[in-house]
Every structure is written in C-alpha cells, then in structure tokens.
>>> print(open('entry_32.csv').read())   # CSV, C-alpha atoms
chain,number,residue,atom,x,y,z
A,1276,ASN,CA,13.4,-10.0,-46.7
A,1277,PHE,CA,9.7,-10.8,-47.4
A,1278,LEU,CA,8.5,-8.3,-44.8
A,1279,GLN,CA,10.7,-5.6,-46.3
A,1280,TYR,CA,9.1,-6.3,-49.7
A,1281,VAL,CA,5.7,-6.1,-48.1
A,1282,THR,CA,6.6,-2.8,-46.4
A,1283,ASP,CA,7.9,-1.5,-49.8
A,1284,LYS,CA,4.5,-2.4,-51.4
A,1285,HIS,CA,6.4,-4.6,-53.9
A,1286,TYR,CA,3.7,-7.3,-53.9
A,1287,ASP,CA,0.8,-4.9,-54.6
A,1288,GLY,CA,-0.5,-5.6,-58.1
A,1289,THR,CA,1.6,-8.8,-58.6
A,1290,ILE,CA,0.1,-12.1,-59.8
A,1291,PHE,CA,0.3,-15.8,-58.9
A,1292,HIS,CA,2.0,-16.8,-62.2
A,1293,ARG,CA,2.7,-20.4,-61.5
A,1294,VAL,CA,0.1,-22.8,-60.1
A,1295,ILE,CA,0.6,-26.5,-59.8
A,1296,GLY,CA,-2.4,-28.0,-57.9
A,1297,GLY,CA,-0.7,-30.9,-56.1
A,1298,PHE,CA,2.5,-29.0,-55.4
A,1299,MET,CA,2.5,-25.2,-54.9
A,1300,VAL,CA,1.4,-21.7,-56.0
A,1301,GLN,CA,4.0,-19.1,-56.8
A,1302,GLY,CA,3.9,-15.4,-57.0
A,1303,GLY,CA,5.5,-12.1,-56.1
A,1304,GLY,CA,7.5,-11.4,-59.2
A,1305,PHE,CA,5.3,-10.3,-62.1
A,1306,ASP,CA,2.6,-7.7,-62.6
A,1307,ALA,CA,-0.7,-8.5,-64.5
A,1308,SER,CA,1.0,-7.8,-67.8
A,1309,TYR,CA,3.8,-10.4,-67.0
A,1310,VAL,CA,6.4,-7.6,-66.5
A,1311,GLN,CA,8.9,-8.7,-64.0
A,1312,LYS,CA,9.2,-6.3,-61.1
A,1313,PRO,CA,12.6,-5.0,-60.1
A,1314,THR,CA,14.1,-6.5,-56.9
A,1315,ARG,CA,16.8,-6.0,-54.4
A,1316,PRO,CA,19.9,-8.2,-54.6
A,1317,PRO,CA,19.4,-11.9,-53.7
A,1318,VAL,CA,19.4,-12.9,-50.1
A,1319,VAL,CA,21.7,-15.5,-48.5
A,1320,HIS,CA,20.2,-18.9,-48.5
A,1321,GLU,CA,19.0,-19.9,-45.0
A,1322,GLY,CA,17.4,-23.2,-45.7
A,1323,ARG,CA,19.4,-25.2,-43.2
A,1324,GLN,CA,19.0,-22.7,-40.4
A,1325,ALA,CA,15.2,-22.7,-41.1
A,1326,MET,CA,15.1,-26.5,-41.0
A,1327,GLU,CA,17.0,-26.5,-37.7
A,1328,LYS,CA,14.2,-24.3,-36.3
A,1329,GLY,CA,11.7,-27.0,-37.3
A,1330,LEU,CA,10.5,-25.3,-40.5
A,1331,HIS,CA,9.8,-27.8,-43.4
A,1332,ASN,CA,8.1,-27.6,-46.8
A,1333,VAL,CA,4.7,-28.9,-45.8
A,1334,ALA,CA,1.2,-27.8,-46.8
A,1335,GLY,CA,0.5,-24.2,-45.8
A,1336,THR,CA,4.1,-23.0,-45.5
A,1337,LEU,CA,5.7,-20.2,-47.5
A,1338,ALA,CA,9.2,-20.6,-49.0
A,1339,MET,CA,11.5,-18.5,-51.1
A,1340,ALA,CA,11.4,-19.2,-54.8
A,1341,ARG,CA,14.7,-19.2,-56.6
A,1342,THR,CA,16.6,-20.4,-59.7
A,1343,SER,CA,18.8,-23.5,-59.5
A,1344,ASP,CA,21.3,-21.3,-57.7
A,1345,PRO,CA,20.5,-21.4,-54.0
A,1346,GLN,CA,21.8,-17.9,-53.6
A,1347,SER,CA,19.3,-16.4,-56.1
A,1348,ALA,CA,16.2,-15.8,-54.0
A,1349,THR,CA,14.8,-12.2,-54.1
A,1350,ALA,CA,11.1,-11.5,-53.9
A,1351,GLN,CA,9.3,-14.4,-55.4
A,1352,PHE,CA,7.8,-16.9,-53.0
A,1353,PHE,CA,5.6,-20.0,-53.1
A,1354,ILE,CA,3.0,-21.5,-50.8
A,1355,ASN,CA,3.2,-25.3,-50.5
A,1356,VAL,CA,-0.2,-26.8,-51.1
A,1357,ALA,CA,1.1,-30.3,-50.3
A,1358,ASP,CA,3.7,-31.8,-48.1
A,1359,ASN,CA,6.9,-31.2,-50.1
A,1360,ARG,CA,9.6,-32.4,-47.7
A,1361,ARG,CA,11.7,-33.3,-50.7
A,1362,LEU,CA,12.3,-29.5,-51.1
A,1363,ASP,CA,13.8,-29.4,-47.6
A,1364,PRO,CA,17.6,-29.0,-47.4
A,1365,THR,CA,19.4,-32.4,-47.3
A,1366,PHE,CA,20.7,-33.3,-43.9
A,1367,ILE,CA,24.5,-33.6,-44.0
A,1368,PRO,CA,26.1,-35.8,-41.3
A,1369,PRO,CA,28.7,-34.2,-39.0
A,1370,GLY,CA,32.4,-34.4,-39.7
A,1371,ASP,CA,35.0,-32.9,-42.0
A,1372,PRO,CA,35.5,-34.7,-44.2
A,1373,VAL,CA,32.1,-36.3,-44.0
A,1374,ASN,CA,32.9,-40.0,-43.4
A,1375,GLU,CA,29.9,-41.3,-45.5
A,1376,PHE,CA,27.0,-39.7,-47.1
A,1377,HIS,CA,24.1,-41.3,-49.0
A,1378,TYR,CA,22.1,-39.2,-51.6
A,1379,ASN,CA,19.8,-40.5,-54.3
A,1380,GLY,CA,21.3,-44.0,-54.2
A,1381,GLU,CA,24.9,-42.8,-54.3
A,1382,ILE,CA,27.4,-43.3,-51.5
A,1383,PHE,CA,30.0,-40.6,-51.0
A,1384,LYS,CA,32.9,-41.3,-48.7
A,1385,ASN,CA,35.4,-38.8,-47.1
A,1386,VAL,CA,33.9,-35.8,-48.9
A,1387,PRO,CA,34.9,-32.3,-47.6
A,1388,ARG,CA,32.0,-30.9,-45.7
A,1389,ALA,CA,32.1,-27.6,-47.6
A,1390,ASP,CA,31.6,-29.5,-50.9
A,1391,LEU,CA,28.3,-30.9,-49.5
A,1392,VAL,CA,27.1,-27.7,-47.7
A,1393,ASN,CA,27.7,-25.7,-50.9
A,1394,SER,CA,26.2,-28.2,-53.3
A,1395,PRO,CA,23.1,-26.6,-55.1
A,1396,LYS,CA,21.4,-30.0,-55.3
A,1397,LEU,CA,21.4,-30.4,-51.5
A,1398,ALA,CA,20.4,-26.8,-50.6
A,1399,GLY,CA,16.6,-27.1,-50.7
A,1400,TYR,CA,14.2,-24.2,-50.4
A,1401,THR,CA,14.0,-21.9,-47.4
A,1402,VAL,CA,10.8,-22.0,-45.5
A,1403,PHE,CA,10.1,-18.6,-43.8
A,1404,GLY,CA,6.4,-18.6,-42.9
A,1405,LYS,CA,3.1,-20.3,-42.6
A,1406,VAL,CA,-0.5,-19.4,-43.7
A,1407,VAL,CA,-2.3,-18.8,-40.4
A,1408,SER,CA,-5.7,-17.9,-41.9
A,1409,GLY,CA,-7.0,-17.9,-45.4
A,1410,MET,CA,-5.9,-21.4,-46.5
A,1411,GLU,CA,-9.3,-21.7,-48.2
A,1412,VAL,CA,-8.2,-19.0,-50.6
A,1413,VAL,CA,-4.9,-20.8,-51.3
A,1414,ASN,CA,-6.9,-24.0,-52.0
A,1415,LYS,CA,-9.1,-22.0,-54.5
A,1416,ILE,CA,-5.9,-20.8,-56.2
A,1417,LYS,CA,-4.5,-24.3,-56.5
A,1418,ALA,CA,-7.7,-25.5,-58.1
A,1419,THR,CA,-7.8,-22.9,-60.8
A,1420,PRO,CA,-7.4,-24.0,-64.5
A,1421,THR,CA,-4.0,-23.3,-65.9
A,1422,GLY,CA,-2.3,-23.1,-69.3
A,1423,SER,CA,0.2,-20.9,-71.1
A,1424,GLY,CA,0.4,-17.2,-70.4
A,1425,GLY,CA,2.8,-14.4,-70.9
A,1426,PRO,CA,6.3,-15.8,-71.3
A,1427,PHE,CA,5.4,-19.1,-69.6
A,1428,GLY,CA,4.4,-22.2,-71.5
A,1429,SER,CA,2.4,-23.8,-68.8
A,1430,ASP,CA,1.0,-23.6,-65.2
A,1431,VAL,CA,-0.3,-20.0,-65.5
A,1432,PRO,CA,-3.8,-19.4,-64.2
A,1433,LYS,CA,-6.2,-18.8,-67.2
A,1434,THR,CA,-7.9,-16.1,-65.1
A,1435,PRO,CA,-5.2,-13.9,-63.5
A,1436,ILE,CA,-5.0,-14.1,-59.7
A,1437,LEU,CA,-3.9,-10.7,-58.4
A,1438,ILE,CA,-2.4,-9.7,-55.1
A,1439,ASN,CA,-4.2,-6.4,-54.7
A,1440,SER,CA,-2.1,-5.5,-51.6
A,1441,ALA,CA,0.0,-7.1,-49.0
A,1442,THR,CA,0.2,-5.4,-45.6
A,1443,LEU,CA,1.7,-6.2,-42.2
A,1444,VAL,CA,-0.8,-7.0,-39.5
A,1445,LYS,CA,0.3,-6.7,-35.9
>>> encode(input="entry_32.csv", output="structure tokens")
Amino acid sequence: NFLQYVTDKHYDGTIFHRVIGGFMVQGGGFDASYVQKPTRPPVVHEGRQAMEKGLHNVAGTLAMARTSDPQSATAQFFINVADNRRLDPTFIPPGDPVNEFHYNGEIFKNVPRADLVNSPKLAGYTVFGKVVSGMEVVNKIKATPTGSGGPFGSDVPKTPILINSATLVK
C-alpha cells in the first residue's frame, strides 16, 4: 500500500501535519495548504500479522495512521519517535471461545474469539517499515515547535515540514 502511494507520487508535496515530540510524527495526507489528498480505498488491517513477524511500534518504525476504525487506513502514516508498544495489537490467547482474557484490568471469560479479534480497541496499529537512515531528520521534526494550523487545533508544526518527494530506492 505504502509503496504504491510512493510509486504514484502521492506523498510528493505533502506535509507532516501532526508532531508530538515524545510520541510520533504523522504525515502523508495533506498538502501545504492543508487540503486532504484523495486516496484509494482503505486497506485491510494487518496489525496482528505484522506483530507475528516481529514488527512492533518502537522508535524508528513506520505504521499506518487510521481513525478509530481499524479498517480505515489509506495513505497517512506515522513514524514512532518513542517506544509505543501500547499501540501494538493486543495478544489474544488461543481458543474459541477464549477461556479467559485480561484487558485494562477487566477479566473476560468464555468470549467468542471473533468478538476479540474484531474489537477496535484491541486492533492496534500496523507497523510496516523502519527508518534505516535519516533518523536524525526525524528527530529534528519531532523537536519542531507546534501549535494550531489549518483545520487542526494543536500539534501542527509552526513551520511547515514538507515531503518534497518520496521515491523507491533499490
């Protein structure tokens, strides 16, 4: 999904519109005038599959941004600038129904597996990549002063941070 957006030049001219220094930097959806770019339909959430491959929301990893609906990710992404393992999908024990499941201090017993697997609050965010060079640039982005901007009330860089172009390097 991300690579297709790169190939399509979708990210060229987009901004990092959300920067939270101890958390993440987000971009890929808006141009410098805060106009949202059109996207393809959302992709299937693959957070659990990514986690099974060892991918976690830790500093330097890229993950798909989305709304509260796990099936809503399109083009926006974020770079974790801290270890954010709380954004990983929640591990669900085997069984159907799941004999016992603990989450945020609650104990669930004999819950159908599908109810847990399809629960938005347990889905997490899909990690799909890692910064392999240039983390110093990401660290500069995370340190930039923020405030309100465009349609956003907070966390917007006061000086726009533009992605001039994104290209595939082989």
>>> atom_distance(input="entry_32.csv", atom1="atom CA of Gln1279 of chain A", atom2="atom CA of Gly1404 of chain A")
14.1 Å
>>> atom_distance(input="entry_32.csv", atom1="atom CA of Ala1325 of chain A", atom2="atom CA of Pro1372 of chain A")
23.8 Å
>>> residues_around(input="entry_32.csv", residues="segment 1363-1371 of chain A", least_positions_apart="3", cutoff="8 Å", atoms="all atoms listed in the file", output="number ranges by chain")
A: 1322-1323, 1326, 1331-1332, 1359-1360, 1374-1376, 1385-1388, 1391-1392, 1397-1401
>>> atom_distance(input="entry_32.csv", atom1="atom CA of Gly1302 of chain A", atom2="atom CA of Phe1353 of chain A")
6.3 Å
>>> closest_residue(input="entry_32.csv", among="A:Pro1395, A:Lys1384, A:Lys1445, A:Ile1354", to="Ile1295 of chain A", atoms="all atoms listed in the file")
A:Ile1354
>>> residues_around(input="entry_32.csv", residues="Pro1426 of chain A", least_positions_apart="2", cutoff="12 Å", atoms="only C-alpha atoms", output="VMD selection string")
chain A and resid 1292 to 1293 1305 1308 to 1311 1422 to 1424 1428 to 1431
